[in-house]
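Here the structure comes first, spelled out in structure tokens, and everything after it is commentary.
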Amino acid sequence: RRKKVLIGAIAQRLQELICEVCNENRWKIIAMEIMSDHVHLFLNVRPIDDPASVIRKIKGRASHYLRKEFPELLKLPTLWTPSYFVSTAGSISTETVKNYIAQQRS
């Protein structure tokens, strides 16, 4: 049920919002790719920052501001699904993950 709404100015603003949240929380963005209907993020966060909180902060801020700044998004029942995928990169190199994310646009 993904809607292809993360394009143009909306995608640009989403990128800004993700960067803001990450900067405020001292999380390092290693790679980010905003697709038209989902986002790939590779972050370096502190061990005390649990994945659910990280995702909740990013999705919460993004949803609040994107729906406020882009009224066309209000017609959607929700901007994000409650689901997400999280994994650690301990068994593969950072470069492998960065390459994978970069290739998603192709």
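The way I read the labels, and the way they are meant: chains A, B, ... in the order of the structure tokens, residue 1 as the first residue of every chain, and ligand 1 as the first ligand shown, with later ones counted on from there.
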For range 98-101 of chain A, find every residue with an atom within 9 Å (counting only C-alpha atoms), except residues of its own chain fewer than 2 positions away, and show them as a list in words.
Ile30, Ala31, Met32, Glu33, His40, Leu41, Phe42, Ser93, Thr94, Glu95, Thr96, Gln103, Gln104 and Arg105 of chain A
Within 12 Å of range 72-83 of chain A, which residues of range 28-58 of chain A come that close, and what is the closest atom pair and distance in Å for each? Count only C-alpha atoms and give it as CSV.
residue,atom,partner,partner_atom,distance
A:Asp37,CA,A:Trp80,CA,9.5
A:His38,CA,A:Trp80,CA,8.8
A:Val39,CA,A:Trp80,CA,10.5
A:Pro51,CA,A:Ser83,CA,12.0
A:Ala52,CA,A:Ser83,CA,10.1
A:Ile55,CA,A:Ser83,CA,9.6
A:Arg56,CA,A:Pro82,CA,9.1
A:Ile58,CA,A:Trp80,CA,10.7
Using DSSP on the backbone coordinates, identify all residues within range 23-87 of chain A classified as helix (DSSP H, G or I); present the result as a list in words.
Asn23, Glu24, Pro51, Ala52, Ser53, Val54, Ile55, Arg56, Lys57, Ile58, Lys59, Gly60, Arg61, Ala62, Ser63, His64, Tyr65, Leu66, Arg67, Lys68, Glu69, Pro71, Glu72, Leu73, Leu74 and Lys75 of chain A
Nearby residues (only C-alpha atoms) at most 12 Å from Ala62 in chain A, same-chain spacing under 3 positions excluded, as a compact mmCIF listing (two decimals) with C-alpha atoms, in the first residue's frame:
# COMPACT_ATOMS: atom_id res chain seq x y z
CA LEU A 6 8.37 11.07 -1.53
CA ILE A 10 8.70 16.56 -0.39
CA ALA A 11 11.77 14.33 -0.75
CA GLN A 12 14.08 17.31 -0.32
CA ARG A 13 12.30 18.44 2.84
CA LEU A 14 12.30 14.87 4.17
CA GLN A 15 16.06 14.73 3.73
CA GLU A 16 16.41 18.01 5.66
CA LEU A 17 14.20 16.73 8.47
CA ILE A 18 16.11 13.46 8.76
CA CYS A 19 19.38 15.39 8.92
CA GLU A 20 17.97 17.67 11.63
CA VAL A 21 16.84 14.77 13.82
CA CYS A 22 20.14 12.97 13.36
CA VAL A 39 13.67 5.39 2.65
CA ILE A 55 12.78 5.29 13.94
CA ARG A 56 9.99 6.84 16.04
CA LYS A 57 11.87 10.16 16.26
CA ILE A 58 12.60 10.28 12.55
CA LYS A 59 9.15 9.19 11.39
CA TYR A 65 6.26 18.65 9.38
CA LEU A 66 5.64 17.12 5.96
CA ARG A 67 1.88 16.93 6.51
CA LYS A 68 1.91 20.49 7.86
CA GLU A 69 3.98 21.90 4.98
CA PHE A 70 2.47 19.82 2.16
CA LEU A 73 -0.28 14.64 2.16
CA THR A 78 -0.96 8.09 7.45
CA LEU A 79 2.39 9.05 5.97
CA TRP A 80 4.31 6.07 7.35
Selection near Asn44 in chain A, 7 Å with only C-alpha atoms, sequence-local residues under 3 positions removed, as a ChimeraX atom specification
/A:27-30
What does the file look like for those residues with N, CA and C atoms, as a PDB file, in the first residue's frame?
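Dumped everything to out.pdb:
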ATOM      1  N   TRP A  27      23.540  11.403  15.834  1.00  0.00           N
ATOM      2  CA  TRP A  27      23.599  10.192  15.026  1.00  0.00           C
ATOM      3  C   TRP A  27      24.273  10.569  13.716  1.00  0.00           C
ATOM      4  N   LYS A  28      25.136   9.702  13.231  1.00  0.00           N
ATOM      5  CA  LYS A  28      25.840   9.981  11.988  1.00  0.00           C
ATOM      6  C   LYS A  28      25.143   9.261  10.829  1.00  0.00           C
ATOM      7  N   ILE A  29      24.809  10.018   9.799  1.00  0.00           N
ATOM      8  CA  ILE A  29      24.223   9.430   8.589  1.00  0.00           C
ATOM      9  C   ILE A  29      25.377   8.954   7.721  1.00  0.00           C
ATOM     10  N   ILE A  30      25.443   7.675   7.503  1.00  0.00           N
ATOM     11  CA  ILE A  30      26.483   7.109   6.655  1.00  0.00           C
ATOM     12  C   ILE A  30      25.986   7.039   5.212  1.00  0.00           C
TER      13      ILE A  30
END
CA of Ile34 in chain A and CA of Gly90 in chain A, how far apart in Å?
23.7 Å
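Here the residues within range 36-75 of chain A that DSSP labels strand (DSSP E) on the basis of the backbone are A:Val39, A:His40, A:Leu41, A:Phe42, A:Leu43, A:Asn44.
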CA of Pro47 in chain A to CA of Phe85 in chain A measures 17.5 Å
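In this structure, CA of Val54 in chain A sits 12.8 Å away from CA of Ser87 in chain A.
Of the residues under consideration (A:Leu43, A:Ala102, A:Met35, A:Ile48), A:Leu43 shows the shortest atom-to-atom contact distance to Ala89 in chain A when counting only C-alpha atoms.
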Using only C-alpha atoms for the distances, tell me which of A:Asn25, A:Ile92, A:Arg2, A:Gly8 is nearest to Arg46 in chain A.
A:Asn25
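Of the residues under consideration (A:Lys4, A:Val45, A:Glu24, A:Ala9), A:Glu24 shows the shortest atom-to-atom contact distance to Arg61 in chain A when counting only C-alpha atoms.
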